[in-house]
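K.L.:
Structure below; questions to follow.
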Amino acid sequence: MTDLQRFHAEFMADIIAEASSVGASADDGVSPENAFKENAFTNIMLEDLETAGVLESPTACYFANTVSRMPFKINAFAFPEEDSRLDLVITDFRTGVQPYKLVGSEIDRNFKLALRFMTLAVEGKHSSPDSGHEEHAMLEEIYSRRESFDRVQLILITNAQVVQRKEKERKEEVGRYKVSYEIWDLERLRRFRSSGSTHEPVMLDLSELKGGGLPCVPVSDDQLGYQTCVSILPGAVLHDWYDTYGTRLLELNVRSYLQAKGKINKEILETLLTKPKQFLAFNNGITIVAEEIVVDATGTILTGIKGLQIVNGGQTTASIHRAKKDNQADLSHVFVQAKITVVPADQFEFMVPEISRLSNTQNKVTTIDLGANNAFHVGVERVAKKTWAPGEQSMWFYERARGGFQTERSKYSGTSTAKRAKFDLQYPTTQRILKEDLARYSNTWDSLPHLVSRGGQKNFERFMSGIKKVEKGWEPDQEYFKALIGKAILYRKTQQIAKELKIKPWTINIVTYTIALLADRTSRRIDLISIWDRQGLSTALTAQMKQWLPKVENVLNSTVGDKNPGEWFKSENCWRNLREASVSWEISKTLGRELVAVGEGYEDVSHEVQSNIARCLQVDAQQWLKIQLWGTESGELVDWQIGIANTLSGYAAQGWKRNPSEKQAKHAVAMLEIYERSHPR
């Protein structure tokens, strides 16, 4: 069995496991089973492409139909925030034991289907009575934003093997839009996952530039273990790089704030427009890391760069692009100094965040290490490998980077059937959890459903920013790990309940908002350790979810109005509306008895009082001081409220040896509500 055949078999197992929780969005003539698999494959690939930096916050939305007897199809779309581009994804999913070989005519057919959809969407010719709410919302969003983008990227994703790759040669203009093509097939996905990288390397061929490349001054030292060169980049070249690759050029898994709103960004743009010849003198330049650089025989002409990432100078790069695009700036006299450091591929994810942190002086960029090798994720994985689920028969597999589970499982592919069966028993596919999953479950539990709805990358960044930095070798205790898995089980079981209730569309958003609401209303007193112990939900918690899921669905659908649902769910106003609309909803008495008490002597106190006290205990001393200071300066709080905030800050500083009284807690929760309304997250 070849590597590709083995990967195909493992990948199909992933798809089948994913399909159990994914429903078909439409009936295109294929069997429901295959429709489920296509949706599952699409969801998996969207996560991979977001990890690779190819897509940003993609939305899956299957839509296949005909207009004037001409078929069209699309499976997902995305609008990169800091780019004037529309990304459209079309899926070609094939069943079968062996990898299917996709020929050129089939590739052409897929791209024609996607291109036809794009044309209909931007022209507003989408008054199909067969389109559902999700499809209609997608079409409306694309049409309403048709003037904000000038490029369209069509991405074909397939579990087949492409026989001949010519997508890079396909470039055309459709009306005012430049259309480019991208293919992610089985072989490309296999290489991406097996490389251990968390991004798709940007490959630049500079040999076609004037002079055969970019003049550079190389500096290398074998003893130091790295290679560096300095070059002067024409502004037009930097513009073209960003025009082609967008935010994929920016630091590994980090997206900086690029809009020309800050003082420095405005000054960069002003210099480009009014003093272009002086830009090189005024600007600090950019810092680039790469996996490899290629120079000519003299060693002084840079002819190629593999795995380019800009770790300092994102504002400069985006401003140059914006100056030409929005202001028609002449870049012929604009030059930028660039320092390019070669980092070995196996050290890329370790060194890039550190280089970024130390080199970034022009305009601060958040330099959170979001890679799989972050000490937090390594620590969680280490504990997962030594923590048995109740019954001592199985364990949860924490997959720091997608593909790790199958890589581990493949080690048994050449061994006996009994050994493979033992691995499958110890690590069921239903007990595999990705770091992106963990971020989704945790932020949902922390009542941030609007942030979770913004997509994997943004949600993951928010999750990492809220984690205290841990040193190498750190491990969470088992109670912490069990609580993490408790959140995962709560989320997944709620998904199953939603599926049983036939809640669709926007199932994931409704599930996320329902769990967030319940966590908020109980002040996170749901017993996660109890969920771990039973590896499931109690009868009372299941009943509560069954009662609230349809109610949350009704509220979310009723508050959308004329807004795009996907965008509405990403806004804090959506979360605020749900909280206000659900004030009268009650926690069942049965579930109330299962909630974790806030301490000894509170067992018989009402659920509302316990929740108020619990919410106070979740706020640390520093945050209570912030509320006190804000209340004083803004005038939003009166003196007695400020006094309560000060008192609770003292209690918190002493480790909550004393709990707030019933009245203090009630007033404190009201203050928190006021504060949170003026400090959106």
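Within each chain, counting starts at residue 1; across the structure tokens, chains are named A, B, ... in the order shown, with ligands numbered 1 upward in that order.
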Which residues are near A:Leu484? Cut-off 9 Å, only C-alpha atoms, ignore same chain within fewer than 4 positions. Put them as a PyMOL selection string.

P.N.:
chain A and resi 438+441-442+479-480+488-489+528

K.L.:
Just to be explicit: take each residue in the selection above, keep N, CA and C atoms, and write the result as a CSV table (one decimal), in the first residue's frame.

P.N.:
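Output file result.csv is given in full below:
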chain,number,residue,atom,x,y,z
A,438,LEU,N,-11.0,22.5,21.2
A,438,LEU,CA,-10.8,22.9,22.6
A,438,LEU,C,-11.1,24.4,22.7
A,441,TYR,N,-15.0,24.9,22.4
A,441,TYR,CA,-15.7,24.4,23.6
A,441,TYR,C,-15.5,25.4,24.7
A,442,SER,N,-14.2,25.8,24.9
A,442,SER,CA,-13.9,26.6,26.1
A,442,SER,C,-14.5,28.0,26.0
A,479,GLU,N,-7.8,17.3,37.3
A,479,GLU,CA,-9.1,17.9,37.4
A,479,GLU,C,-9.4,18.9,36.3
A,480,TYR,N,-8.3,19.7,36.0
A,480,TYR,CA,-8.4,20.7,34.9
A,480,TYR,C,-8.6,20.0,33.6
A,488,ALA,N,-16.1,19.5,26.3
A,488,ALA,CA,-16.2,18.8,25.0
A,488,ALA,C,-17.4,17.9,24.9
A,489,ILE,N,-17.6,17.1,25.9
A,489,ILE,CA,-18.7,16.2,26.0
A,489,ILE,C,-20.0,17.0,26.0
A,528,LEU,N,-18.9,19.8,35.5
A,528,LEU,CA,-18.2,19.3,34.4
A,528,LEU,C,-17.5,18.0,34.8

K.L.:
May I have the residues within 12 Å of A:Ser606 as JSON, numbers by chain, using only C-alpha atoms and disregarding those fewer than 4 positions away in the same chain?

P.N.:
{"A": [522, 587, 589, 592, 593, 595, 597, 598, 601, 602, 610, 611, 612, 613, 662]}

K.L.:
Apply DSSP to the backbone of this structure and, from stretch 574-664 of chain A, keep only the residues in helix (DSSP H, G or I); write these as a ChimeraX atom specification.

P.N.:
/A:574-581,589-594,607-617,621-634,639-653,662-664

K.L.:
Within 9 Å of A:Thr300, counting only C-alpha atoms, which residues show up once you throw out same-chain ones fewer than 2 positions away? Write them as a list in words, please.

P.N.:
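Counting only C-alpha atoms, the residues come to Leu214, Pro215, Cys216, Val217, Pro218, Val295, Asp296, Ala297, Thr298 and Leu302 of chain A.
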
K.L.:
Skipping near chain neighbours, those fewer than 6 positions away, what residues fall within 10 Å of A:Ile44 using only C-alpha atoms, listed as a list in words?

P.N.:
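With the cut-off at 10 Å, the set is Phe11, Asp14, Ile15, Glu18, Glu38 and Arg402 of chain A.
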
K.L.:
Put those residues in a file: C-alpha atoms, as a PDB file, in the first residue's frame.

P.N.:
ATOM      1  CA  PHE A  11      -8.874  10.146   5.706  1.00  0.00           C
ATOM      2  CA  ASP A  14     -12.132  10.607   9.418  1.00  0.00           C
ATOM      3  CA  ILE A  15     -14.872  11.645   7.003  1.00  0.00           C
ATOM      4  CA  GLU A  18     -17.386  13.405  10.973  1.00  0.00           C
ATOM      5  CA  GLU A  38     -19.529  15.491   1.204  1.00  0.00           C
ATOM      6  CA  ARG A 402      -4.743  17.775  12.544  1.00  0.00           C
TER       7      ARG A 402
END

K.L.:
Might you pull out every residue within 9 Å of stretch 146-157 of chain A, with only C-alpha atoms counted and same-chain residues fewer than 6 positions away left off, and present them as a ChimeraX atom specification?

P.N.:
/A:42,45,79,83-93,107,110-111,114-115,118,121-123,173,176-186

K.L.:
For the residues in that selection, give me N, CA and C atoms as a tab-separated table (two decimals), in the first residue's frame.

P.N.:
chain	number	residue	atom	x	y	z
A	42	THR	N	-16.17	18.56	3.41
A	42	THR	CA	-16.04	20.02	3.26
A	42	THR	C	-15.67	20.67	4.59
A	45	MET	N	-12.03	19.98	5.44
A	45	MET	CA	-11.12	20.72	4.57
A	45	MET	C	-11.13	22.22	4.87
A	79	PHE	N	-14.94	35.90	3.05
A	79	PHE	CA	-14.44	37.23	2.74
A	79	PHE	C	-13.28	37.54	3.69
A	83	ASP	N	-8.73	42.22	2.95
A	83	ASP	CA	-8.46	41.96	1.54
A	83	ASP	C	-9.71	42.26	0.73
A	84	SER	N	-9.50	42.62	-0.52
A	84	SER	CA	-10.63	42.90	-1.40
A	84	SER	C	-10.88	41.68	-2.29
A	85	ARG	N	-11.15	40.55	-1.65
A	85	ARG	CA	-11.27	39.29	-2.37
A	85	ARG	C	-12.45	38.48	-1.84
A	86	LEU	N	-13.08	37.74	-2.76
A	86	LEU	CA	-14.10	36.77	-2.40
A	86	LEU	C	-13.53	35.38	-2.66
A	87	ASP	N	-13.62	34.50	-1.69
A	87	ASP	CA	-13.19	33.12	-1.85
A	87	ASP	C	-14.42	32.23	-1.98
A	88	LEU	N	-14.44	31.40	-3.02
A	88	LEU	CA	-15.53	30.45	-3.23
A	88	LEU	C	-14.95	29.04	-3.31
A	89	VAL	N	-15.56	28.13	-2.56
A	89	VAL	CA	-15.07	26.76	-2.49
A	89	VAL	C	-16.10	25.82	-3.11
A	90	ILE	N	-15.63	24.95	-3.98
A	90	ILE	CA	-16.49	23.90	-4.56
A	90	ILE	C	-15.86	22.55	-4.24
A	91	THR	N	-16.70	21.60	-3.87
A	91	THR	CA	-16.24	20.27	-3.45
A	91	THR	C	-16.53	19.22	-4.51
A	92	ASP	N	-15.52	18.40	-4.76
A	92	ASP	CA	-15.71	17.21	-5.60
A	92	ASP	C	-15.35	16.01	-4.74
A	93	PHE	N	-16.35	15.37	-4.17
A	93	PHE	CA	-16.12	14.25	-3.25
A	93	PHE	C	-16.40	12.93	-3.95
A	107	ILE	N	-12.08	18.67	-13.74
A	107	ILE	CA	-11.65	19.91	-13.06
A	107	ILE	C	-12.32	21.11	-13.71
A	110	ASN	N	-15.97	21.44	-12.68
A	110	ASN	CA	-16.15	21.98	-11.33
A	110	ASN	C	-15.96	23.49	-11.31
A	111	PHE	N	-14.90	23.95	-11.95
A	111	PHE	CA	-14.64	25.39	-11.95
A	111	PHE	C	-15.73	26.16	-12.71
A	114	ALA	N	-18.66	26.61	-10.34
A	114	ALA	CA	-18.38	27.65	-9.34
A	114	ALA	C	-18.40	29.03	-9.97
A	115	LEU	N	-17.83	29.14	-11.17
A	115	LEU	CA	-17.78	30.43	-11.86
A	115	LEU	C	-19.19	30.90	-12.22
A	118	MET	N	-20.71	32.32	-9.15
A	118	MET	CA	-20.18	33.65	-8.87
A	118	MET	C	-20.86	34.71	-9.73
A	121	ALA	N	-24.36	35.38	-8.58
A	121	ALA	CA	-24.40	36.06	-7.28
A	121	ALA	C	-24.11	37.55	-7.42
A	122	VAL	N	-23.06	37.91	-8.17
A	122	VAL	CA	-22.68	39.32	-8.27
A	122	VAL	C	-23.65	40.10	-9.15
A	123	GLU	N	-24.38	39.40	-10.03
A	123	GLU	CA	-25.36	40.06	-10.88
A	123	GLU	C	-26.73	40.12	-10.24
A	173	GLU	N	-10.42	37.38	-16.44
A	173	GLU	CA	-11.21	38.46	-15.88
A	173	GLU	C	-12.67	38.25	-16.28
A	176	ARG	N	-15.52	42.99	-13.85
A	176	ARG	CA	-14.51	43.77	-13.15
A	176	ARG	C	-13.67	42.92	-12.21
A	177	TYR	N	-13.86	41.61	-12.24
A	177	TYR	CA	-13.20	40.74	-11.27
A	177	TYR	C	-12.08	39.90	-11.91
A	178	LYS	N	-10.94	39.90	-11.26
A	178	LYS	CA	-9.85	39.00	-11.63
A	178	LYS	C	-10.10	37.67	-10.93
A	179	VAL	N	-10.11	36.61	-11.69
A	179	VAL	CA	-10.42	35.29	-11.14
A	179	VAL	C	-9.16	34.42	-11.16
A	180	SER	N	-8.85	33.83	-10.00
A	180	SER	CA	-7.73	32.91	-9.91
A	180	SER	C	-8.25	31.56	-9.42
A	181	TYR	N	-7.44	30.53	-9.61
A	181	TYR	CA	-7.89	29.16	-9.33
A	181	TYR	C	-6.90	28.44	-8.42
A	182	GLU	N	-7.44	27.61	-7.55
A	182	GLU	CA	-6.62	26.85	-6.59
A	182	GLU	C	-7.23	25.46	-6.45
A	183	ILE	N	-6.37	24.46	-6.34
A	183	ILE	CA	-6.84	23.08	-6.15
A	183	ILE	C	-6.15	22.48	-4.93
A	184	TRP	N	-6.97	21.90	-4.04
A	184	TRP	CA	-6.45	21.11	-2.93
A	184	TRP	C	-6.96	19.69	-3.11
A	185	ASP	N	-6.07	18.82	-3.56
A	185	ASP	CA	-6.47	17.43	-3.75
A	185	ASP	C	-5.88	16.57	-2.64
A	186	LEU	N	-6.07	15.27	-2.76
A	186	LEU	CA	-5.65	14.35	-1.71
A	186	LEU	C	-4.14	14.39	-1.49

K.L.:
By how many Å are atom CA of A:His8 and atom CA of A:Tyr398 apart?

P.N.:
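Going from atom CA of A:His8 over to atom CA of A:Tyr398 covers 21.8 Å.
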
K.L.:
To test your reading of the structure, identify every residue in stretch 105-211 of chain A that backbone DSSP assigns to strand (DSSP E or B), and report it as a VMD selection string.

P.N.:
chain A and resid 151 to 158 161 to 162 171 to 174 177 to 184 203 to 205

K.L.:
Which one of A:Asn509, A:Leu204, A:Glu399, A:Ser231 sits closest to A:Leu308 if you count only C-alpha atoms?

P.N.:
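Among the listed residues, the smallest separation from A:Leu308 belongs to A:Leu204.
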
K.L.:
Considering only C-alpha atoms, can you say which of A:Ser220, A:Asn573, A:Gln618, A:Ser634 comes closest to A:Ala652?

P.N.:
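Distance minimum relative to A:Ala652 lands on A:Gln618.
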
K.L.:
Which residue, A:Val54, A:Ile510, A:Ala160, A:Ala645, has the smallest gap to A:Thr244 when you use only C-alpha atoms?

P.N.:
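Result for the nearest residue to A:Thr244: A:Val54.
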
K.L.:
Which value, in Å to one decimal, gives the distance between atom CA of A:Ser68 and atom CA of A:Pro505?

P.N.:
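Here the two named atoms are 27.1 Å from each other.
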
K.L.:
Of the residues A:Gln328, A:Ser530, A:Thr387, A:Gln98, which is the one nearest to A:Gln478, using only C-alpha atoms?

P.N.:
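When distances to A:Gln478 are compared using only C-alpha atoms, the smallest one comes from A:Thr387.
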
K.L.:
So, counting only C-alpha atoms, which residue among A:Tyr491, A:Phe282, A:Phe77, A:Trp575 is closest to A:Ser447?

P.N.:
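Ranking A:Tyr491, A:Phe282, A:Phe77, A:Trp575 by distance to A:Ser447, first place goes to A:Trp575.
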
K.L.:
Report the distance between atom CA of A:Asn284 and atom CA of A:Trp241 in Å, rounded to one decimal place.

P.N.:
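Straight-line distance from atom CA of A:Asn284 to atom CA of A:Trp241 works out to 19.1 Å.
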
K.L.:
Of the residues A:Pro476, A:Gly536, A:Gly313, A:Pro99, which is the one nearest to A:Gln496, using only C-alpha atoms?

P.N.:
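So, comparing all the options, the nearest one is A:Gly536.
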